[in-house]
$ cat start-v9.cif   # mmCIF, C-alpha atoms
data_protein
loop_
_atom_site.label_atom_id
_atom_site.label_comp_id
_atom_site.auth_asym_id
_atom_site.auth_seq_id
_atom_site.Cartn_x
_atom_site.Cartn_y
_atom_site.Cartn_z
CA MET N 401 36.41 -49.80 -4.65
CA LYS N 402 34.53 -53.09 -4.49
CA ASN N 403 37.30 -55.12 -5.98
CA HIS N 404 36.63 -58.64 -4.72
CA TYR N 405 40.20 -59.45 -5.70
CA ILE N 406 39.90 -63.24 -5.89
CA ASN N 407 36.70 -63.11 -7.94
CA PHE N 408 38.21 -60.62 -10.36
CA ILE N 409 41.24 -62.84 -10.87
CA GLU N 410 38.97 -65.81 -11.53
CA PHE N 411 36.99 -63.67 -13.94
CA LEU N 412 40.17 -62.78 -15.86
CA LYS N 413 41.12 -66.45 -16.09
CA ASN N 414 37.83 -67.33 -17.77
CA ASN N 415 37.09 -64.13 -19.68
CA ASN N 416 37.28 -64.08 -23.48
CA LYS N 417 35.98 -60.54 -24.02
CA LEU N 418 38.45 -57.77 -24.84
CA PHE N 419 37.88 -54.09 -25.62
CA GLY N 420 41.00 -53.39 -27.65
CA LEU N 421 41.02 -50.11 -29.53
CA ASN N 422 38.03 -48.71 -27.62
CA SER N 423 40.06 -48.96 -24.41
CA HIS N 424 43.35 -47.84 -25.92
CA ILE N 425 41.88 -44.64 -27.36
CA LYS N 426 40.69 -43.48 -23.93
CA LEU N 427 44.23 -42.98 -22.67
CA ALA N 428 45.94 -42.24 -25.98
CA PRO N 429 47.67 -38.86 -26.45
CA LYS N 430 45.36 -36.55 -28.40
CA LYS N 431 45.34 -33.37 -30.45
CA HIS N 432 42.02 -31.51 -30.34
CA GLY N 433 40.41 -34.67 -28.97
CA THR N 434 41.71 -36.92 -31.77
CA PRO N 435 44.40 -39.56 -31.06
CA PHE N 436 47.86 -38.24 -31.93
CA ARG N 437 49.09 -41.56 -33.26
CA VAL N 438 48.19 -44.46 -35.52
CA PHE N 439 47.09 -47.86 -34.31
CA SER N 440 48.36 -50.05 -37.14
CA PRO N 441 51.78 -50.39 -38.80
CA ASP N 442 50.41 -49.71 -42.30
CA GLY N 443 52.43 -52.50 -43.88
CA ARG N 444 55.75 -51.59 -42.27
CA GLN N 445 58.05 -54.31 -41.05
CA ILE N 446 57.43 -54.27 -37.30
CA ARG N 447 59.22 -55.46 -34.24
CA LYS N 448 57.28 -57.68 -31.87
CA SER N 449 57.53 -57.41 -28.11
CA SER N 450 55.79 -58.65 -24.98
CA VAL N 451 55.06 -57.22 -21.55
CA MET N 452 53.90 -58.75 -18.29
CA ILE N 453 51.23 -56.99 -16.24
CA LEU N 454 51.98 -58.32 -12.78
CA LEU N 455 49.28 -58.24 -10.11
CA LYS N 456 50.37 -58.67 -6.50
CA PRO N 457 47.67 -59.06 -3.82
CA ILE N 458 47.52 -56.54 -1.00
CA ASN N 459 44.44 -58.05 0.66
CA LEU N 460 41.12 -59.58 -0.38
CA ASN N 461 39.92 -56.22 -1.69
CA ASP N 462 42.86 -54.85 -3.63
CA PHE N 463 46.12 -55.63 -5.41
CA ASN N 464 49.17 -53.76 -6.65
CA VAL N 465 50.15 -53.45 -10.27
CA LEU N 466 53.93 -53.80 -10.60
CA LEU N 467 55.57 -51.26 -12.89
CA THR N 468 59.17 -50.35 -13.62
CA LEU N 469 60.91 -47.01 -13.90
CA ARG N 470 63.15 -47.51 -16.92
CA SER N 471 66.82 -46.56 -16.73
CA GLN N 472 67.85 -43.16 -18.05
CA HIS N 473 70.62 -44.90 -20.01
CA LEU N 474 68.35 -46.94 -22.30
CA LYS N 475 68.22 -46.01 -25.97
CA SER N 476 64.41 -46.10 -26.19
CA HIS N 477 61.74 -44.95 -23.73
CA SER N 478 64.40 -44.07 -21.15
CA GLY N 479 63.10 -42.75 -17.85
CA GLN N 480 59.55 -43.84 -18.57
CA ILE N 481 57.23 -45.96 -16.46
CA SER N 482 56.45 -49.28 -18.07
CA PHE N 483 55.71 -52.96 -17.56
CA PRO N 484 58.52 -55.52 -17.49
CA GLY N 485 59.03 -56.69 -21.06
CA GLY N 486 60.95 -56.43 -24.27
CA GLN N 487 61.53 -57.74 -27.76
CA ILE N 488 60.50 -61.26 -28.74
CA GLU N 489 63.53 -63.25 -29.81
CA GLU N 490 63.71 -65.72 -32.68
CA ASN N 491 62.02 -69.07 -31.95
CA GLU N 492 60.38 -67.59 -28.84
CA THR N 493 56.66 -67.24 -28.17
CA PRO N 494 55.25 -63.91 -26.93
CA LEU N 495 54.55 -65.44 -23.52
CA GLN N 496 58.05 -66.90 -23.24
CA ALA N 497 59.46 -63.46 -24.05
CA ALA N 498 57.33 -61.75 -21.39
CA LEU N 499 58.42 -64.24 -18.73
CA ARG N 500 62.08 -64.09 -19.76
CA GLU N 501 62.16 -60.30 -19.79
CA THR N 502 60.45 -60.13 -16.40
CA PHE N 503 63.13 -62.35 -14.92
CA GLU N 504 65.96 -60.45 -16.64
CA GLU N 505 64.67 -57.03 -15.55
CA ILE N 506 63.37 -57.60 -12.01
CA GLY N 507 64.37 -61.15 -11.10
CA ILE N 508 60.96 -62.82 -10.78
CA PRO N 509 61.27 -66.46 -11.90
CA SER N 510 58.60 -67.74 -14.29
CA GLU N 511 57.52 -70.38 -11.78
CA GLU N 512 56.57 -67.56 -9.38
CA ILE N 513 54.10 -66.11 -11.90
CA GLU N 514 50.66 -67.54 -12.59
CA VAL N 515 49.76 -66.32 -16.06
CA ILE N 516 46.00 -65.81 -16.07
CA SER N 517 45.16 -63.83 -19.18
CA HIS N 518 46.29 -61.79 -22.14
CA LEU N 519 45.08 -58.40 -23.35
CA SER N 520 44.76 -56.86 -26.80
CA GLU N 521 47.88 -56.20 -28.84
CA LEU N 522 48.96 -52.56 -29.13
CA TYR N 523 51.05 -51.01 -31.89
CA VAL N 524 53.51 -48.32 -30.75
CA PRO N 525 54.70 -46.05 -33.61
CA PRO N 526 57.82 -44.48 -31.96
CA SER N 527 59.43 -47.90 -31.51
CA ASN N 528 57.55 -49.51 -34.44
CA SER N 529 56.66 -52.33 -32.06
CA LEU N 530 53.60 -54.53 -31.68
CA ILE N 531 53.16 -55.25 -27.96
CA HIS N 532 51.63 -58.48 -26.67
CA PRO N 533 50.43 -57.89 -23.07
CA PHE N 534 49.98 -60.75 -20.61
CA VAL N 535 48.49 -60.66 -17.11
CA GLY N 536 50.13 -62.61 -14.32
CA VAL N 537 49.68 -62.97 -10.56
CA THR N 538 52.60 -63.22 -8.15
CA ASN N 539 53.35 -63.09 -4.43
CA PHE N 540 57.08 -62.93 -5.07
CA ASP N 541 58.87 -59.90 -3.61
CA ASN N 542 62.51 -60.96 -3.47
CA TRP N 543 63.24 -58.80 -6.50
CA VAL N 544 66.62 -58.48 -8.14
CA ILE N 545 66.62 -55.29 -10.20
CA ASN N 546 68.78 -55.15 -13.32
CA LYS N 547 70.05 -51.59 -12.88
CA SER N 548 71.18 -51.35 -16.49
CA GLU N 549 67.50 -51.46 -17.49
CA VAL N 550 65.43 -50.57 -14.43
CA GLU N 551 65.81 -47.77 -11.89
CA GLU N 552 63.16 -49.09 -9.49
CA ILE N 553 59.99 -51.14 -9.16
CA ILE N 554 56.81 -49.16 -8.60
CA GLU N 555 53.79 -50.75 -6.91
CA VAL N 556 50.51 -48.97 -7.65
CA PRO N 557 47.21 -50.03 -6.02
CA PHE N 558 44.66 -50.96 -8.64
CA SER N 559 42.09 -49.10 -6.55
CA PHE N 560 44.02 -45.91 -7.39
CA LEU N 561 44.11 -46.64 -11.10
CA VAL N 562 40.39 -47.35 -11.47
CA GLN N 563 39.36 -44.01 -9.98
CA GLN N 564 38.60 -41.73 -12.90
CA ASP N 565 39.45 -38.64 -10.84
CA ASN N 566 43.07 -39.83 -10.60
CA ILE N 567 43.56 -39.60 -14.37
CA LEU N 568 45.09 -36.22 -15.20
CA LEU N 569 45.40 -34.38 -18.50
CA GLN N 570 48.88 -33.02 -19.17
CA ARG N 571 49.71 -30.78 -22.11
CA ARG N 572 53.04 -31.07 -23.94
CA GLN N 573 54.57 -29.59 -27.06
CA PHE N 574 55.39 -31.97 -29.93
CA LEU N 575 56.69 -30.54 -33.21
CA GLY N 576 55.20 -27.18 -32.36
CA GLU N 577 51.76 -28.58 -31.54
CA THR N 578 50.01 -28.93 -28.20
CA ILE N 579 49.26 -32.56 -27.36
CA GLU N 580 47.00 -33.62 -24.49
CA ILE N 581 48.28 -36.61 -22.56
CA PRO N 582 46.01 -38.60 -20.20
CA CYS N 583 48.20 -39.83 -17.36
CA TRP N 584 48.61 -40.75 -13.72
CA ASP N 585 50.99 -38.84 -11.45
CA LEU N 586 52.89 -41.39 -9.34
CA ASN N 587 55.27 -38.83 -7.83
CA LYS N 588 58.11 -39.97 -10.08
CA PRO N 589 60.26 -37.96 -12.54
CA GLU N 590 57.84 -38.98 -15.31
CA VAL N 591 54.08 -39.54 -15.28
CA LEU N 592 52.50 -42.86 -16.25
CA TRP N 593 51.29 -42.33 -19.81
CA GLY N 594 51.52 -43.62 -23.38
CA ALA N 595 51.48 -47.32 -24.25
CA THR N 596 51.57 -48.45 -20.61
CA ALA N 597 48.56 -46.29 -19.74
CA MET N 598 46.72 -47.46 -22.85
CA ILE N 599 47.26 -51.12 -21.94
CA LEU N 600 46.13 -50.44 -18.37
CA SER N 601 43.01 -48.80 -19.78
CA GLU N 602 41.84 -52.17 -21.09
CA LEU N 603 42.47 -53.87 -17.73
CA ILE N 604 40.44 -51.11 -16.06
CA ASP N 605 37.61 -51.54 -18.59
CA LEU N 606 37.64 -55.27 -17.90
CA TYR N 607 37.26 -54.52 -14.20
CA HIS N 608 34.28 -52.25 -14.84
CA TYR N 609 32.80 -54.96 -17.06
CA PHE N 610 33.36 -57.42 -14.22
CA GLU N 611 31.53 -55.04 -11.85
CA GLN N 612 28.57 -54.64 -14.17
CA ILE N 613 28.22 -58.19 -15.43
CA ALA N 614 29.91 -60.67 -13.14
CA ILE N 615 29.13 -59.34 -9.67
CA PRO N 616 25.32 -59.06 -10.17
CA GLN N 617 25.40 -62.67 -11.41
CA ASN N 618 27.27 -63.77 -8.24
CA PHE N 619 30.37 -64.67 -10.26
#

$ encode --input "start-v9.cif" --output "structure tokens"
Amino acid sequence: MKNHYINFIEFLKNNNKLFGLNSHIKLAPKKHGTPFRVFSPDGRQIRKSSVMILLKPINLNDFNVLLTLRSQHLKSHSGQISFPGGQIEENETPLQAALRETFEEIGIPSEEIEVISHLSELYVPPSNSLIHPFVGVTNFDNWVINKSEVEEIIEVPFSFLVQQDNILLQRRQFLGETIEIPCWDLNKPEVLWGATAMILSELIDLYHYFEQIAIPQNF
């Protein structure tokens, strides 16, 4: 992986190109090759939420993406791998919600996060939620895990995520039908899939765009 970590971060700060649905579809659960979900709320009253994609440098050539293993006791998405985040409260901006939830779940203060970008919104039918993803950089590692919400913090090298060979295809039964789930196996009780994987797909596509466009131009 030719990451050029610092240059990629600078690229994200200045980038205004997003891939949205084209990226999300790549890692969406599918039935016979067609996404097994909708991508818009179709007029339903939706809940709005935010997540923080935290990047933590390993060295000049790579960084970790910080993920959380959600508590088994949560009412929704229990036991799944996700980003820190949650519902946007009244009179709160999406970014304020992402920063607040990150602090409440894993104890990283907002002043320890440099917010550098946002990604495309993603609608999640099971929770009827529209997710606003933000990208932040941190060196903070004095985490305080809220055990009522988070089992553990998972650090995954971005160099692992961008390798196409590391994306697996798992088959599961939903309502008597076989659904194919693109995912990463992180050696946890659950694989990394669904909305979190779909959001990561856009970050990965932005990296490949950075490789193709920015690096040849000596970004």

$ resolve_selection --input "start-v9.cif" --expression "the PyMOL selection byres ((chain N and resi 509-522) around 6)" --output "number ranges by chain"
N: 413, 420, 499, 503, 508, 523, 530-538

$ closest_residue --input "start-v9.cif" --among "N:Glu580, N:Asp585, N:Glu501, N:Glu552" --to "Asp565 of chain N" --atoms "only C-alpha atoms"
N:Asp585

$ resolve_selection --input "start-v9.cif" --expression "the PyMOL selection byres ((chain N and resi 554) around 12)" --output "ChimeraX atom specification"
/N:454-456,464-470,480-484,506,543,545,550-553,555-557,586-588,592

$ closest_residue --input "start-v9.cif" --among "N:Pro457, N:Pro494, N:Pro526, N:Gly479" --to "Ile409 of chain N" --atoms "all atoms listed in the file"
N:Pro457

$ resolve_selection --input "start-v9.cif" --expression "the PyMOL selection byres ((chain N and resi 567) around 10)" --output "JSON, numbers by chain"
{"N": [427, 560, 561, 562, 563, 564, 565, 566, 568, 569, 570, 581, 582, 583, 584, 585, 592, 593, 597]}

$ atom_distance --input "start-v9.cif" --atom1 "atom CA of Glu602 of chain N" --atom2 "atom CA of Phe439 of chain N"
14.9 Å

$ residues_around --input "start-v9.cif" --residues "Gln487 of chain N" --least-positions-apart "6" --cutoff "7 Å" --atoms "all atoms listed in the file" --output "MDAnalysis selection string"
chainID N and resid 448:450

$ atom_distance --input "start-v9.cif" --atom1 "atom CA of Lys547 of chain N" --atom2 "atom CA of Glu505 of chain N"
8.1 Å

$ closest_residue --input "start-v9.cif" --among "N:Asn528, N:Thr502, N:Ser559, N:Thr578" --to "Asn546 of chain N" --atoms "all atoms listed in the file"
N:Thr502

$ atom_distance --input "start-v9.cif" --atom1 "atom CA of Asn461 of chain N" --atom2 "atom CA of Phe558 of chain N"
9.9 Å

$ residues_around --input "start-v9.cif" --residues "Asn415 of chain N" --least-positions-apart "2" --cutoff "12 Å" --atoms "all atoms listed in the file" --output "short mmCIF file (atom, residue, chain, number, x, y, z; two decimals) with C-alpha atoms, in the frame of the given file"
data_model
loop_
_atom_site.label_atom_id
_atom_site.label_comp_id
_atom_site.auth_asym_id
_atom_site.auth_seq_id
_atom_site.Cartn_x
_atom_site.Cartn_y
_atom_site.Cartn_z
CA ASN N 407 36.70 -63.11 -7.94
CA PHE N 408 38.21 -60.62 -10.36
CA ILE N 409 41.24 -62.84 -10.87
CA GLU N 410 38.97 -65.81 -11.53
CA PHE N 411 36.99 -63.67 -13.94
CA LEU N 412 40.17 -62.78 -15.86
CA LYS N 413 41.12 -66.45 -16.09
CA LYS N 417 35.98 -60.54 -24.02
CA LEU N 418 38.45 -57.77 -24.84
CA PHE N 419 37.88 -54.09 -25.62
CA ILE N 516 46.00 -65.81 -16.07
CA SER N 517 45.16 -63.83 -19.18
CA HIS N 518 46.29 -61.79 -22.14
CA LEU N 519 45.08 -58.40 -23.35
CA LEU N 603 42.47 -53.87 -17.73
CA LEU N 606 37.64 -55.27 -17.90
CA TYR N 607 37.26 -54.52 -14.20
CA TYR N 609 32.80 -54.96 -17.06
CA PHE N 610 33.36 -57.42 -14.22
CA ILE N 613 28.22 -58.19 -15.43
CA ALA N 614 29.91 -60.67 -13.14
CA PHE N 619 30.37 -64.67 -10.26
#

$ closest_residue --input "start-v9.cif" --among "N:Ser471, N:Arg447, N:Leu460, N:Ile604" --to "Ile488 of chain N" --atoms "all atoms listed in the file"
N:Arg447

$ residues_around --input "start-v9.cif" --residues "His424 of chain N" --least-positions-apart "2" --cutoff "7 Å" --atoms "only C-alpha atoms" --output "list in words"
Gly420, Leu421, Asn422, Lys426, Leu427, Ala428, Met598, Ile599, Ser601 and Glu602 of chain N

$ closest_residue --input "start-v9.cif" --among "N:Ile453, N:Ala595, N:Leu600, N:Ile579" --to "His432 of chain N" --atoms "all atoms listed in the file"
N:Ile579

$ closest_residue --input "start-v9.cif" --among "N:Pro589, N:Leu575, N:Gln612, N:Tyr405" --to "Asn459 of chain N" --atoms "only C-alpha atoms"
N:Tyr405

$ build_atoms --input "start-v9.cif" --residues "segment 593-606 of chain N" --atoms "N, CA and C atoms" --output "compact mmCIF listing (two decimals), in the frame of the given file"
# COMPACT_ATOMS: atom_id res chain seq x y z
N TRP N 593 52.06 -42.72 -18.63
CA TRP N 593 51.29 -42.33 -19.81
C TRP N 593 51.67 -43.23 -20.98
N GLY N 594 51.13 -42.93 -22.16
CA GLY N 594 51.52 -43.62 -23.38
C GLY N 594 51.04 -45.06 -23.44
N ALA N 595 51.87 -45.94 -24.02
CA ALA N 595 51.48 -47.32 -24.25
C ALA N 595 51.10 -48.04 -22.96
N THR N 596 51.86 -47.79 -21.89
CA THR N 596 51.57 -48.45 -20.61
C THR N 596 50.20 -48.05 -20.10
N ALA N 597 49.88 -46.77 -20.17
CA ALA N 597 48.56 -46.29 -19.74
C ALA N 597 47.47 -46.87 -20.63
N MET N 598 47.72 -46.95 -21.92
CA MET N 598 46.72 -47.46 -22.85
C MET N 598 46.43 -48.94 -22.61
N ILE N 599 47.46 -49.71 -22.28
CA ILE N 599 47.26 -51.12 -21.94
C ILE N 599 46.49 -51.25 -20.63
N LEU N 600 46.85 -50.43 -19.65
CA LEU N 600 46.13 -50.44 -18.37
C LEU N 600 44.66 -50.07 -18.56
N SER N 601 44.38 -49.22 -19.53
CA SER N 601 43.01 -48.80 -19.78
C SER N 601 42.11 -50.00 -20.08
N GLU N 602 42.66 -50.98 -20.80
CA GLU N 602 41.84 -52.17 -21.09
C GLU N 602 41.63 -53.01 -19.84
N LEU N 603 42.64 -53.14 -18.98
CA LEU N 603 42.47 -53.87 -17.73
C LEU N 603 41.42 -53.19 -16.87
N ILE N 604 41.43 -51.87 -16.83
CA ILE N 604 40.44 -51.11 -16.06
C ILE N 604 39.04 -51.32 -16.64
N ASP N 605 38.92 -51.29 -17.96
CA ASP N 605 37.61 -51.54 -18.59
C ASP N 605 37.12 -52.94 -18.30
N LEU N 606 38.03 -53.91 -18.25
CA LEU N 606 37.64 -55.27 -17.90
C LEU N 606 37.14 -55.33 -16.46
